[in-house]
file my_file_22.txt (compact mmCIF, C-alpha atoms)
# COMPACT_ATOMS: atom_id res chain seq x y z
CA PRO A 82 5.57 229.60 119.70
CA PRO A 83 4.39 232.85 118.13
CA ALA A 84 3.38 235.90 120.13
CA TYR A 85 1.40 238.90 118.91
CA GLY A 86 0.72 237.04 115.66
CA LYS A 87 4.32 236.17 114.69
CA HIS A 88 7.47 234.41 115.81
CA GLN A 89 9.56 236.89 117.78
CA PRO A 90 13.36 237.25 117.43
CA TYR A 91 15.89 236.07 119.96
CA THR A 92 17.75 238.66 122.00
CA VAL A 93 21.18 239.79 120.86
CA CYS A 94 24.19 238.27 122.63
CA GLY A 95 25.13 241.76 123.78
CA TYR A 96 26.14 244.87 121.88
CA GLY A 97 29.82 245.77 121.62
CA PRO A 98 31.53 249.18 121.69
CA GLN A 99 31.29 249.86 117.95
CA GLN A 100 27.53 249.33 117.95
CA TYR A 101 26.80 251.84 120.71
CA GLN A 102 29.33 254.27 119.23
CA SER A 103 27.54 254.09 115.89
CA ALA A 104 23.98 254.14 117.24
CA TYR A 105 24.62 257.28 119.29
CA GLY A 106 26.55 259.06 116.55
CA GLU A 107 30.13 258.96 117.77
CA SER A 108 31.80 256.97 115.01
CA SER A 109 32.79 259.89 112.76
CA LEU A 110 34.06 261.90 115.72
CA LEU A 111 36.16 259.01 117.00
CA ARG A 112 37.71 258.56 113.56
CA ALA A 113 38.56 262.28 113.59
CA GLY A 114 40.34 261.96 116.93
CA VAL A 115 37.56 263.33 119.12
CA THR A 116 37.73 260.51 121.64
CA GLY A 117 37.44 262.28 124.98
CA LYS A 118 41.17 263.01 125.00
CA GLY A 119 42.08 265.57 127.63
CA VAL A 120 38.98 264.74 129.69
CA THR A 121 38.91 262.68 132.88
CA VAL A 122 35.94 260.53 133.90
CA ALA A 123 35.62 259.25 137.46
CA ILE A 124 33.65 256.15 138.40
CA THR A 125 32.49 255.57 141.96
CA ASP A 126 31.55 252.15 143.30
CA ALA A 127 32.27 250.12 146.42
CA TYR A 128 35.38 247.90 146.72
CA ALA A 129 37.84 247.37 143.85
CA ALA A 130 38.06 244.48 141.40
CA PRO A 131 41.60 243.02 141.60
CA THR A 132 41.66 242.17 137.87
CA ILE A 133 39.98 245.28 136.51
CA LEU A 134 42.78 246.62 134.31
CA GLN A 135 43.73 243.29 132.76
CA ASP A 136 40.05 242.52 132.20
CA ALA A 137 39.45 245.87 130.46
CA GLN A 138 42.57 245.51 128.36
CA LYS A 139 41.56 242.04 127.18
CA TYR A 140 38.05 243.27 126.47
CA SER A 141 39.38 246.07 124.26
CA LYS A 142 41.63 243.64 122.39
CA VAL A 143 38.83 241.14 121.80
CA HIS A 144 36.58 243.91 120.44
CA GLY A 145 39.23 245.60 118.33
CA GLN A 146 39.25 248.76 120.42
CA PRO A 147 42.20 250.77 121.71
CA GLY A 148 43.25 249.68 125.18
CA PHE A 149 44.22 251.97 128.01
CA ALA A 150 47.59 253.65 127.42
CA PRO A 151 50.03 253.80 130.34
CA GLY A 152 48.66 256.24 132.90
CA GLN A 153 45.24 256.47 131.27
CA PHE A 154 43.57 254.33 133.95
CA SER A 155 44.13 254.84 137.68
CA GLN A 156 42.43 253.99 140.96
CA ILE A 157 41.87 255.74 144.27
CA THR A 158 41.00 253.05 146.81
CA PRO A 159 41.41 252.23 150.50
CA ALA A 160 44.38 250.20 151.65
CA ALA A 161 44.06 246.43 151.31
CA ASN A 162 42.88 246.15 154.93
CA GLY A 163 40.62 249.16 154.69
CA TYR A 164 37.45 247.48 153.43
CA GLY A 165 34.48 246.40 155.52
CA GLN A 166 30.86 245.20 155.49
CA GLU A 167 31.71 242.44 152.98
CA THR A 168 28.91 240.13 154.14
CA LEU A 169 26.30 242.84 153.80
CA CYS A 170 27.57 244.43 150.59
CA GLY A 171 28.92 241.50 148.54
CA PRO A 172 32.19 242.69 146.98
CA GLN A 173 31.92 240.23 144.04
CA GLY A 174 28.79 241.95 142.80
CA TRP A 175 30.51 245.31 143.01
CA TYR A 176 33.42 243.91 140.99
CA GLY A 177 30.96 243.27 138.18
CA GLU A 178 29.55 246.78 138.52
CA GLU A 179 33.02 248.30 138.32
CA THR A 180 33.83 246.18 135.27
CA LEU A 181 30.67 247.33 133.49
CA ASP A 182 31.34 250.98 134.32
CA VAL A 183 34.98 250.99 133.27
CA GLU A 184 34.41 249.13 130.02
CA ALA A 185 31.32 251.19 129.11
CA VAL A 186 33.03 254.55 129.71
CA HIS A 187 36.11 253.44 127.77
CA ALA A 188 33.93 252.15 124.94
CA MET A 189 32.30 255.54 124.44
CA ALA A 190 35.37 257.69 125.25
CA PRO A 191 38.45 255.61 124.38
CA GLY A 192 40.74 258.64 124.69
CA ALA A 193 39.55 259.84 128.10
CA LYS A 194 41.39 259.19 131.32
CA VAL A 195 39.42 257.00 133.72
CA VAL A 196 39.82 257.22 137.49
CA TYR A 197 38.13 254.56 139.58
CA VAL A 198 37.23 255.79 143.09
CA GLY A 199 36.39 252.83 145.31
CA GLY A 200 34.48 253.07 148.57
CA ALA A 201 35.44 251.03 151.63
CA ASP A 202 31.91 249.58 151.68
CA CYS A 203 28.49 250.11 150.11
CA LEU A 204 27.32 252.30 153.00
CA SER A 205 29.07 255.44 154.25
CA GLY A 206 32.23 254.36 152.43
CA LEU A 207 30.46 254.82 149.11
CA ASP A 208 29.10 258.22 150.18
CA ASP A 209 32.59 259.32 151.15
CA ALA A 210 34.12 258.08 147.89
CA TRP A 211 31.58 260.10 145.88
CA ALA A 212 32.03 263.24 147.96
CA SER A 213 35.83 263.02 147.86
CA ALA A 214 35.80 262.70 144.07
CA ILE A 215 33.98 266.05 143.96
CA ASP A 216 35.94 267.73 146.77
CA ASN A 217 39.27 266.81 145.17
CA HIS A 218 38.00 267.47 141.63
CA VAL A 219 39.49 264.23 140.36
CA ALA A 220 37.51 264.40 137.11
CA ASN A 221 35.45 266.54 134.75
CA VAL A 222 32.70 263.91 134.68
CA ILE A 223 31.62 261.55 137.48
CA THR A 224 29.35 258.57 136.84
CA ASN A 225 27.59 256.71 139.63
CA SER A 226 25.77 253.49 138.73
CA TRP A 227 23.97 253.12 142.03
CA THR A 228 21.06 254.52 143.95
CA ASP A 229 20.49 254.83 147.67
CA GLY A 230 16.85 254.32 148.52
CA VAL A 231 13.68 255.97 147.36
CA ASP A 232 12.44 259.52 147.78
CA ASP A 233 11.40 259.20 151.41
CA LEU A 234 12.82 261.30 154.25
CA ALA A 235 11.79 258.66 156.76
CA ASP A 236 14.30 256.39 155.07
CA LEU A 237 16.94 258.87 153.92
CA THR A 238 16.91 261.44 156.78
CA GLN A 239 17.19 265.17 156.12
CA SER A 240 20.87 265.32 157.08
CA TYR A 241 21.66 262.65 154.50
CA VAL A 242 19.79 264.55 151.79
CA ASP A 243 21.58 267.76 152.83
CA PHE A 244 24.94 266.00 152.47
CA TYR A 245 24.15 265.07 148.88
CA GLN A 246 22.72 268.48 148.10
CA GLN A 247 25.86 270.17 149.38
CA PHE A 248 28.29 268.11 147.33
CA SER A 249 26.18 268.06 144.17
CA LEU A 250 25.98 271.86 144.35
CA GLU A 251 29.75 272.00 144.82
CA ALA A 252 30.13 269.86 141.70
CA ALA A 253 27.91 272.19 139.67
CA LEU A 254 29.76 275.29 140.90
CA THR A 255 33.16 273.81 140.10
CA GLY A 256 32.32 272.55 136.61
CA ILE A 257 31.81 268.82 137.19
CA THR A 258 29.16 266.78 135.39
CA VAL A 259 27.59 264.26 137.79
CA ASN A 260 25.50 261.33 136.51
CA PHE A 261 23.39 259.01 138.63
CA SER A 262 21.48 255.97 137.42
CA SER A 263 17.72 256.43 137.84
CA GLY A 264 17.19 252.84 139.03
CA ASP A 265 15.81 249.64 137.55
CA ALA A 266 12.41 249.38 139.24
CA GLY A 267 10.42 251.68 136.98
CA ASP A 268 8.02 253.75 139.06
CA HIS A 269 8.04 251.20 141.94
CA THR A 270 4.36 250.33 141.41
CA ALA A 271 5.21 246.74 140.39
CA GLY A 272 3.66 247.19 136.98
CA GLY A 273 0.91 249.49 138.16
CA THR A 274 -0.46 247.08 140.78
CA ASP A 275 0.40 249.36 143.73
CA LEU A 276 0.04 253.01 142.78
CA SER A 277 0.57 254.06 146.40
CA ALA A 278 4.20 252.97 146.04
CA LYS A 279 4.96 255.32 143.12
CA THR A 280 8.27 257.07 143.73
CA VAL A 281 11.69 257.86 142.28
CA GLU A 282 15.13 256.87 143.46
CA PHE A 283 17.69 259.04 145.21
CA PRO A 284 20.22 260.61 144.48
CA ALA A 285 19.17 260.71 140.78
CA ASP A 286 16.53 263.35 141.55
CA LEU A 287 18.97 265.88 143.03
CA PRO A 288 18.50 269.11 141.04
CA TYR A 289 22.23 269.48 140.35
CA VAL A 290 22.89 265.97 139.03
CA THR A 291 21.82 264.27 135.82
CA GLY A 292 19.39 261.41 136.35
CA VAL A 293 20.04 258.90 133.56
CA GLY A 294 17.21 256.60 132.48
CA GLY A 295 17.18 253.44 130.37
CA THR A 296 15.96 252.42 126.94
CA SER A 297 15.65 249.36 124.72
CA VAL A 298 17.71 250.10 121.61
CA LEU A 299 17.57 248.22 118.31
CA ILE A 300 20.85 248.47 116.37
CA GLY A 301 21.16 247.15 112.83
CA SER A 302 23.88 244.95 111.40
CA GLU A 303 25.67 248.03 110.00
CA GLY A 304 25.51 249.87 113.30
CA GLN A 305 22.48 251.92 112.33
CA HIS A 306 20.06 253.18 114.97
CA GLN A 307 16.86 251.40 113.93
CA ALA A 308 14.54 252.11 116.85
CA GLU A 309 14.56 252.92 120.53
CA TYR A 310 11.88 252.65 123.18
CA GLY A 311 11.56 253.24 126.88
CA TRP A 312 12.82 250.30 128.93
CA GLN A 313 9.95 248.66 130.82
CA THR A 314 9.72 244.87 130.43
CA ASP A 315 7.08 242.22 131.11
CA TYR A 316 7.88 238.51 130.81
CA SER A 317 5.94 235.39 129.88
CA GLN A 318 7.54 231.97 130.47
CA LEU A 319 7.48 229.14 127.95
CA THR A 320 5.44 226.49 129.77
CA ASN A 321 4.11 223.34 128.09
CA GLY A 322 4.46 224.91 124.67
CA ALA A 323 2.69 228.16 125.47
CA TRP A 324 3.64 231.62 126.75
CA THR A 325 2.41 231.86 130.34
CA PRO A 326 0.90 234.14 131.51
CA ALA A 327 -0.39 235.37 128.19
CA PRO A 328 1.79 238.18 126.76
CA PRO A 329 2.78 240.70 127.86
CA GLY A 330 2.94 238.70 131.09
CA THR A 331 4.28 239.85 134.45
CA TYR A 332 6.13 243.09 135.05
CA SER A 333 9.84 242.62 135.73
CA SER A 334 11.86 245.81 135.62
CA GLY A 335 12.48 249.10 133.87
CA GLY A 336 14.27 252.42 133.92
CA GLY A 337 13.40 254.55 136.91
CA GLY A 338 11.43 257.74 136.50
CA GLY A 339 8.69 259.91 137.89
CA THR A 340 8.25 262.90 140.16
CA SER A 341 10.25 263.83 143.24
CA VAL A 342 8.55 264.76 146.49
CA LEU A 343 11.78 266.20 147.92
CA PHE A 344 12.83 268.81 145.38
CA ALA A 345 10.92 271.61 143.70
CA GLN A 346 11.05 271.93 139.92
CA PRO A 347 14.43 273.35 138.88
CA TRP A 348 14.49 276.29 136.49
CA TYR A 349 15.77 274.25 133.57
CA GLN A 350 12.64 272.06 133.60
CA GLN A 351 10.19 274.96 133.68
CA GLY A 352 8.13 275.04 130.50
CA LYS A 353 9.71 271.74 129.39
CA VAL A 354 8.14 269.16 131.69
CA PRO A 355 4.36 268.68 131.38
CA ALA A 356 2.32 269.63 134.44
CA SER A 357 0.86 266.12 134.44
CA ILE A 358 4.32 264.97 135.51
CA SER A 359 5.69 267.87 137.57
CA GLU A 360 2.41 268.26 139.50
CA TYR A 361 1.65 264.56 139.85
CA PHE A 362 1.55 264.75 143.65
CA GLY A 363 0.03 268.23 144.01
CA LYS A 364 -0.19 271.74 142.61
CA THR A 365 3.46 272.62 143.27
CA PRO A 366 5.71 271.72 140.30
CA MET A 367 8.43 269.30 141.43
CA ARG A 368 11.65 267.84 140.02
CA ALA A 369 11.10 265.13 137.40
CA VAL A 370 13.50 262.35 136.39
CA PRO A 371 15.17 261.13 134.28
CA ASP A 372 16.87 263.95 132.41
CA ILE A 373 18.34 261.92 129.53
CA SER A 374 18.58 258.23 128.71
CA ALA A 375 20.66 255.57 126.97
CA ALA A 376 20.57 251.80 126.52
CA GLY A 377 19.49 250.05 129.72
CA ASP A 378 17.34 247.06 128.83
CA PRO A 379 19.43 243.99 129.78
CA ASN A 380 18.15 242.26 126.64
CA THR A 381 19.66 244.98 124.42
CA GLY A 382 22.55 245.41 126.82
CA PHE A 383 26.32 245.52 126.72
CA GLU A 384 28.68 242.58 126.39
CA VAL A 385 31.30 242.93 129.13
CA GLY A 386 34.38 240.84 129.92
CA GLU A 387 35.30 239.93 133.49
CA THR A 388 37.40 237.39 135.39
CA GLN A 389 34.94 235.32 137.42
CA ALA A 390 34.83 232.14 139.48
CA PHE A 391 32.97 229.33 137.69
CA PRO A 392 32.43 225.69 138.76
CA ASP A 393 35.23 224.65 136.40
CA GLY A 394 37.72 227.34 137.39
CA THR A 395 38.40 231.07 137.49
CA TYR A 396 38.85 232.79 134.13
CA TRP A 397 37.88 235.71 131.91
CA ASP A 398 34.61 235.42 130.03
CA GLN A 399 31.91 237.66 128.58
CA TYR A 400 28.26 238.17 129.41
CA ARG A 401 25.47 240.57 128.52
CA ILE A 402 24.33 243.07 131.15
CA GLY A 403 22.16 246.17 131.32
CA GLY A 404 20.20 248.32 133.72
CA THR A 405 20.58 252.05 134.21
CA SER A 406 23.95 250.97 135.63
CA LEU A 407 24.86 250.77 131.95
CA SER A 408 23.03 253.93 130.91
CA SER A 409 24.95 256.24 133.25
CA PRO A 410 28.50 255.31 132.15
CA LEU A 411 27.45 255.33 128.49
CA ILE A 412 26.26 258.93 128.86
CA ALA A 413 29.40 259.79 130.87
CA GLY A 414 31.53 258.64 127.95
CA VAL A 415 29.40 260.64 125.53
CA VAL A 416 29.83 263.75 127.71
CA ALA A 417 33.61 263.25 127.73
CA VAL A 418 33.60 263.25 123.92
CA ALA A 419 31.35 266.34 123.98
CA ASP A 420 33.77 268.09 126.35
CA GLN A 421 36.62 267.59 123.90
CA PHE A 422 34.42 268.55 120.94
CA THR A 423 33.34 271.84 122.56
CA HIS A 424 36.85 272.54 123.96
CA LYS A 425 35.34 273.08 127.39
CA SER A 426 34.23 271.07 130.39
CA LEU A 427 30.46 271.32 130.10
CA GLY A 428 30.06 270.84 133.86
CA PHE A 429 26.46 271.06 135.03
CA ILE A 430 24.95 269.96 131.76
CA ASN A 431 21.22 269.61 132.50
CA PRO A 432 20.20 273.06 131.18
CA LEU A 433 21.87 272.22 127.86
CA TYR A 434 19.96 268.94 127.54
CA TYR A 435 16.66 270.75 127.97
CA ARG A 436 17.63 273.39 125.40
CA LEU A 437 18.06 270.54 122.92
CA LEU A 438 14.57 269.17 123.61
CA GLY A 439 12.57 268.87 120.41
CA THR A 440 15.59 269.36 118.12
CA PRO A 441 17.35 266.88 115.78
CA ALA A 442 20.08 266.56 118.43
CA LEU A 443 17.97 264.04 120.33
CA HIS A 444 16.09 260.86 119.57
CA ASP A 445 12.62 261.71 120.89
CA ILE A 446 11.61 258.35 122.33
CA VAL A 447 7.96 257.37 121.89
CA ALA A 448 6.17 254.10 122.55
CA PRO A 449 5.91 251.52 119.74
CA LYS A 450 2.65 251.53 117.81
CA SER A 451 2.39 247.74 117.98
CA PRO A 452 3.95 245.24 120.41
CA VAL A 453 7.71 244.73 120.18
CA ALA A 454 9.04 241.57 121.82
CA GLN A 455 12.12 239.36 122.07
CA VAL A 456 12.88 235.87 123.36
CA ARG A 457 15.53 235.12 125.97
CA THR A 458 17.23 231.73 126.26
CA ASN A 459 18.46 231.14 129.82
CA TYR A 460 20.56 228.48 131.50
CA ALA A 461 18.30 226.80 134.05
CA ASN A 462 21.16 226.80 136.57
CA SER A 463 22.42 230.27 135.51
CA VAL A 464 25.86 228.83 134.65
CA ASP A 465 25.74 226.33 131.76
CA ALA A 466 23.42 224.06 129.78
CA SER A 467 23.95 220.98 131.95
CA LYS A 468 20.57 221.46 133.67
CA GLY A 469 18.71 222.46 130.54
CA LEU A 470 17.42 225.71 129.09
CA THR A 471 14.45 227.92 129.83
CA TYR A 472 12.79 230.48 127.58
CA GLU A 473 10.90 233.68 128.23
CA LEU A 474 9.25 236.28 126.06
CA GLY A 475 10.03 239.88 126.99
CA THR A 476 7.66 242.56 125.76
CA ILE A 477 9.38 245.93 125.29
CA ASP A 478 8.04 249.21 126.66
CA VAL A 479 4.90 247.85 128.22
CA GLN A 480 2.45 250.51 129.27
CA GLN A 481 1.52 248.91 132.58
CA THR A 482 3.13 251.52 134.83
CA THR A 483 2.57 255.24 135.29
CA LEU A 484 5.61 255.88 133.08
CA HIS A 485 4.91 256.52 129.41
CA ASP A 486 7.20 257.71 126.65
CA THR A 487 5.49 260.44 124.66
CA PRO A 488 6.59 263.18 122.26
CA GLY A 489 8.71 265.75 124.07
CA TYR A 490 9.78 265.28 127.66
CA ASP A 491 8.47 262.21 129.45
CA ASP A 492 9.29 260.60 132.77
CA GLU A 493 10.36 257.33 131.17
CA THR A 494 13.23 258.60 128.99
CA GLY A 495 13.57 262.32 129.82
CA VAL A 496 14.51 264.47 126.84
CA GLY A 497 15.48 261.35 124.86
CA THR A 498 18.84 259.93 123.77
CA PRO A 499 21.82 261.36 121.79
CA ASP A 500 21.05 261.48 118.07
CA GLY A 501 24.26 261.40 116.10
CA PRO A 502 26.72 264.22 115.40
CA ALA A 503 23.87 266.72 115.74
CA PHE A 504 23.89 266.03 119.48
CA PHE A 505 27.49 267.16 119.88
CA LEU A 506 27.01 270.16 117.60
CA GLY A 507 23.83 271.04 119.48
CA LEU A 508 25.65 271.04 122.81
CA ALA A 509 28.34 273.31 121.39
CA ILE A 510 25.71 275.77 120.16
CA ALA A 511 23.54 275.53 123.30
CA ARG A 512 26.55 276.31 125.50
CA HIS A 513 26.64 279.78 123.96

call {"tool": "encode", "arguments": {"input": "my_file_22.txt", "output": "structure tokens"}}
result
Amino acid sequence: PPAYGKHQPYTVCGYGPQQYQSAYGESSLLRAGVTGKGVTVAITDAYAAPTILQDAQKYSKVHGQPGFAPGQFSQITPAANGYGQETLCGPQGWYGEETLDVEAVHAMAPGAKVVYVGGADCLSGLDDAWASAIDNHVANVITNSWTDGVDDLADLTQSYVDFYQQFSLEAALTGITVNFSSGDAGDHTAGGTDLSAKTVEFPADLPYVTGVGGTSVLIGSEGQHQAEYGWQTDYSQLTNGAWTPAPPGTYSSGGGGGTSVLFAQPWYQQGKVPASISEYFGKTPMRAVPDISAAGDPNTGFEVGETQAFPDGTYWDQYRIGGTSLSSPLIAGVVAVADQFTHKSLGFINPLYYRLLGTPALHDIVAPKSPVAQVRTNYANSVDASKGLTYELGTIDVQQTTLHDTPGYDDETGVGTPDGPAFFLGLAIARH
């Protein structure tokens, strides 16, 4: 049935590499050989997918992209008997995360080397994997599609925060770009129903890392960037021929953002972040996240290919996925291309992003003037159509949280998203 006065379109089956390359302005650079060659990107996750290289190679072949050359992909992982906490952490889920990260980075930087650094578990093993990637300088860019709790010292402990501060500072001092996903729970107010819960996720709010937020991106049939909005989604279910509850429905998820209570405002945000954001919790300006954004809405997400166990066997197949777990590796790939373009490892890149604020180098993301929605078709059993289909209407960029995308910096999308070749040229100029 119609919603907001018209029949809404179905979601895409998942964007492929060429569509993100085109939408974020890489296509001409890639054709010219600026592919991230000479740059190394590290990915940290827990565990290690046993089929990751063959999965990524098949994915590239299916999508007409260059595969990994010999030696272009490598892994640093524990020995086969060195993993633990499987029941708590769920290795299969981490295999999917690794697959998304590897294929997304390679999609945006097909010439870059990729090093996968796997933790022994999703607890201290993941912390150690991240820190070792910095300590051993295994890459120019490190992407981390995970968070570790919210901005609360009662949960994190001061020593834990100090650990992350120490290694993120080491990364900045030694010329490493570090991305962290900003999370998929918006501002944690459950759609504005519990304002006392408003917070951001750690470690994305560390002053010396880049917190990467999520968007809903609309890409045309010729790869053109048609529109982009902050990712915050409400859903209505199709029930007895009607959308229930009435659109926009119930809040589901969105890119993380807001104001830190742990870290004071860093110098690069001074004069750039509105006081309404930086002073949300008091008169002292504090760190705001995200810094920059890219596609994150699962409905405008990435089509990935992975070997999985299904009821009818184990085989490679594709599915659409999103979250800021997608946004971070997309931006990591973009940075790798920018490193090659500028002939220098850009390292701690946040000050450059904020210098580009308000210029043609960035898509300045603002809320739609009228409702934008899309319809998902789901398998009732999450596997196949044997148990029927369900339908839900997702309304894009709902303004039911404290996060709002406005002209200039906002705590839903940061400074915005890369806007074509001007983004890469802007970074080259800003570096000087």

call {"tool": "residues_around", "arguments": {"input": "my_file_22.txt", "residues": "range 145-151 of chain A", "least_positions_apart": "2", "cutoff": "10 Å", "atoms": "only C-alpha atoms", "output": "list in words"}}
result
Gly97, Pro98, Gln99, Leu134, Gln135, Ala137, Gln138, Lys139, Tyr140, Ser141, Lys142, Val143, Gln153, Phe154, Ser155, His187, Ala188, Pro191, Gly192, Ala193, Lys194 and Val195 of chain A

call {"tool": "atom_distance", "arguments": {"input": "my_file_22.txt", "atom1": "CA of Gly294 in chain A", "atom2": "CA of His269 in chain A"}}
result
14.2 Å

call {"tool": "atom_distance", "arguments": {"input": "my_file_22.txt", "atom1": "CA of Thr132 in chain A", "atom2": "CA of His218 in chain A"}}
result
25.8 Å

call {"tool": "atom_distance", "arguments": {"input": "my_file_22.txt", "atom1": "CA of Ala113 in chain A", "atom2": "CA of Gly403 in chain A"}}
result
29.0 Å

call {"tool": "closest_residue", "arguments": {"input": "my_file_22.txt", "among": "A:Asp420, A:Asp465, A:Glu384, A:Asp136", "to": "Tyr101 in chain A", "atoms": "only C-alpha atoms"}}
result
A:Glu384

call {"tool": "residues_near_point", "arguments": {"input": "my_file_22.txt", "point": "(9.6, 240.8, 130.4)", "cutoff": "8 Å", "atoms": "all atoms listed in the file", "output": "number ranges by chain"}}
result
A: 313-317, 329-334, 473-477

call {"tool": "residues_around", "arguments": {"input": "my_file_22.txt", "residues": "Pro347 in chain A", "least_positions_apart": "4", "cutoff": "8 Å", "atoms": "only C-alpha atoms", "output": "count of residues only"}}
result
4

call {"tool": "residues_around", "arguments": {"input": "my_file_22.txt", "residues": "Thr180 in chain A", "least_positions_apart": "2", "cutoff": "8 Å", "atoms": "all atoms listed in the file", "output": "list in words"}}
result
Ala130, Ile133, Asp136, Ala137, Tyr176, Gly177, Glu178, Asp182, Val183, Glu184, Val385, Gly386 and Glu387 of chain A

call {"tool": "closest_residue", "arguments": {"input": "my_file_22.txt", "among": "A:Phe248, A:Tyr490, A:Phe283, A:Tyr91", "to": "Gly439 in chain A", "atoms": "all atoms listed in the file"}}
result
A:Tyr490

call {"tool": "closest_residue", "arguments": {"input": "my_file_22.txt", "among": "A:Ile300, A:Ala129, A:Ala308, A:Ala327", "to": "Ala448 in chain A", "atoms": "all atoms listed in the file"}}
result
A:Ala308

call {"tool": "closest_residue", "arguments": {"input": "my_file_22.txt", "among": "A:Ser409, A:Thr365, A:Thr158, A:Ser359", "to": "Ala185 in chain A", "atoms": "only C-alpha atoms"}}
result
A:Ser409

call {"tool": "closest_residue", "arguments": {"input": "my_file_22.txt", "among": "A:Gly119, A:Thr92, A:Thr274, A:Asp202", "to": "Asn162 in chain A", "atoms": "only C-alpha atoms"}}
result
A:Asp202

call {"tool": "residues_around", "arguments": {"input": "my_file_22.txt", "residues": "Glu107 in chain A", "least_positions_apart": "3", "cutoff": "10 Å", "atoms": "all atoms listed in the file", "output": "PyMOL selection string"}}
result
chain A and resi 99-104+110-113+115-116+189-190+415+418-419+499-502+504-505

call {"tool": "closest_residue", "arguments": {"input": "my_file_22.txt", "among": "A:Gly335, A:Gly295, A:Pro441, A:Gly301", "to": "Ile412 in chain A", "atoms": "only C-alpha atoms"}}
result
A:Gly295

call {"tool": "decode", "arguments": {"input": "my_file_22.txt", "residues": "range 481-493 of chain A", "atoms": "N, CA, C and O atoms", "output": "PDB file, in the first residue's frame"}}
result
ATOM      1  N   GLN A 481      13.550  11.502  14.918  1.00  0.00           N
ATOM      2  CA  GLN A 481      12.970  11.138  16.215  1.00  0.00           C
ATOM      3  C   GLN A 481      14.030  10.939  17.289  1.00  0.00           C
ATOM      4  O   GLN A 481      13.735  10.475  18.370  1.00  0.00           O
ATOM      5  N   THR A 482      15.273  11.280  16.991  1.00  0.00           N
ATOM      6  CA  THR A 482      16.342  11.186  17.974  1.00  0.00           C
ATOM      7  C   THR A 482      16.894  12.585  18.197  1.00  0.00           C
ATOM      8  O   THR A 482      16.395  13.567  17.650  1.00  0.00           O
ATOM      9  N   THR A 483      17.949  12.691  18.997  1.00  0.00           N
ATOM     10  CA  THR A 483      18.582  13.996  19.194  1.00  0.00           C
ATOM     11  C   THR A 483      19.566  14.308  18.084  1.00  0.00           C
ATOM     12  O   THR A 483      20.165  15.375  18.071  1.00  0.00           O
ATOM     13  N   LEU A 484      19.760  13.365  17.152  1.00  0.00           N
ATOM     14  CA  LEU A 484      20.696  13.557  16.052  1.00  0.00           C
ATOM     15  C   LEU A 484      19.967  14.134  14.843  1.00  0.00           C
ATOM     16  O   LEU A 484      18.949  13.603  14.416  1.00  0.00           O
ATOM     17  N   HIS A 485      20.508  15.207  14.303  1.00  0.00           N
ATOM     18  CA  HIS A 485      19.883  15.848  13.145  1.00  0.00           C
ATOM     19  C   HIS A 485      20.971  16.266  12.169  1.00  0.00           C
ATOM     20  O   HIS A 485      21.986  16.834  12.568  1.00  0.00           O
ATOM     21  N   ASP A 486      20.763  15.987  10.881  1.00  0.00           N
ATOM     22  CA  ASP A 486      21.739  16.450   9.903  1.00  0.00           C
ATOM     23  C   ASP A 486      21.317  17.825   9.383  1.00  0.00           C
ATOM     24  O   ASP A 486      20.220  18.026   8.884  1.00  0.00           O
ATOM     25  N   THR A 487      22.221  18.763   9.550  1.00  0.00           N
ATOM     26  CA  THR A 487      21.983  20.173   9.247  1.00  0.00           C
ATOM     27  C   THR A 487      23.135  20.692   8.407  1.00  0.00           C
ATOM     28  O   THR A 487      24.175  20.040   8.290  1.00  0.00           O
ATOM     29  N   PRO A 488      22.994  21.860   7.796  1.00  0.00           N
ATOM     30  CA  PRO A 488      24.124  22.433   7.060  1.00  0.00           C
ATOM     31  C   PRO A 488      25.348  22.584   7.956  1.00  0.00           C
ATOM     32  O   PRO A 488      25.240  22.954   9.127  1.00  0.00           O
ATOM     33  N   GLY A 489      26.523  22.288   7.415  1.00  0.00           N
ATOM     34  CA  GLY A 489      27.742  22.341   8.204  1.00  0.00           C
ATOM     35  C   GLY A 489      27.925  21.070   9.014  1.00  0.00           C
ATOM     36  O   GLY A 489      27.361  20.017   8.688  1.00  0.00           O
ATOM     37  N   TYR A 490      28.701  21.158  10.086  1.00  0.00           N
ATOM     38  CA  TYR A 490      28.919  19.977  10.913  1.00  0.00           C
ATOM     39  C   TYR A 490      27.642  19.620  11.664  1.00  0.00           C
ATOM     40  O   TYR A 490      26.944  20.483  12.192  1.00  0.00           O
ATOM     41  N   ASP A 491      27.347  18.322  11.723  1.00  0.00           N
ATOM     42  CA  ASP A 491      26.265  17.841  12.587  1.00  0.00           C
ATOM     43  C   ASP A 491      26.681  16.503  13.169  1.00  0.00           C
ATOM     44  O   ASP A 491      27.585  15.830  12.661  1.00  0.00           O
ATOM     45  N   ASP A 492      26.028  16.135  14.266  1.00  0.00           N
ATOM     46  CA  ASP A 492      26.437  14.916  14.977  1.00  0.00           C
ATOM     47  C   ASP A 492      25.732  13.663  14.453  1.00  0.00           C
ATOM     48  O   ASP A 492      25.744  12.625  15.111  1.00  0.00           O
ATOM     49  N   GLU A 493      25.158  13.759  13.271  1.00  0.00           N
ATOM     50  CA  GLU A 493      24.624  12.582  12.595  1.00  0.00           C
ATOM     51  C   GLU A 493      25.574  12.114  11.497  1.00  0.00           C
ATOM     52  O   GLU A 493      25.803  10.910  11.339  1.00  0.00           O
TER      53      GLU A 493
END
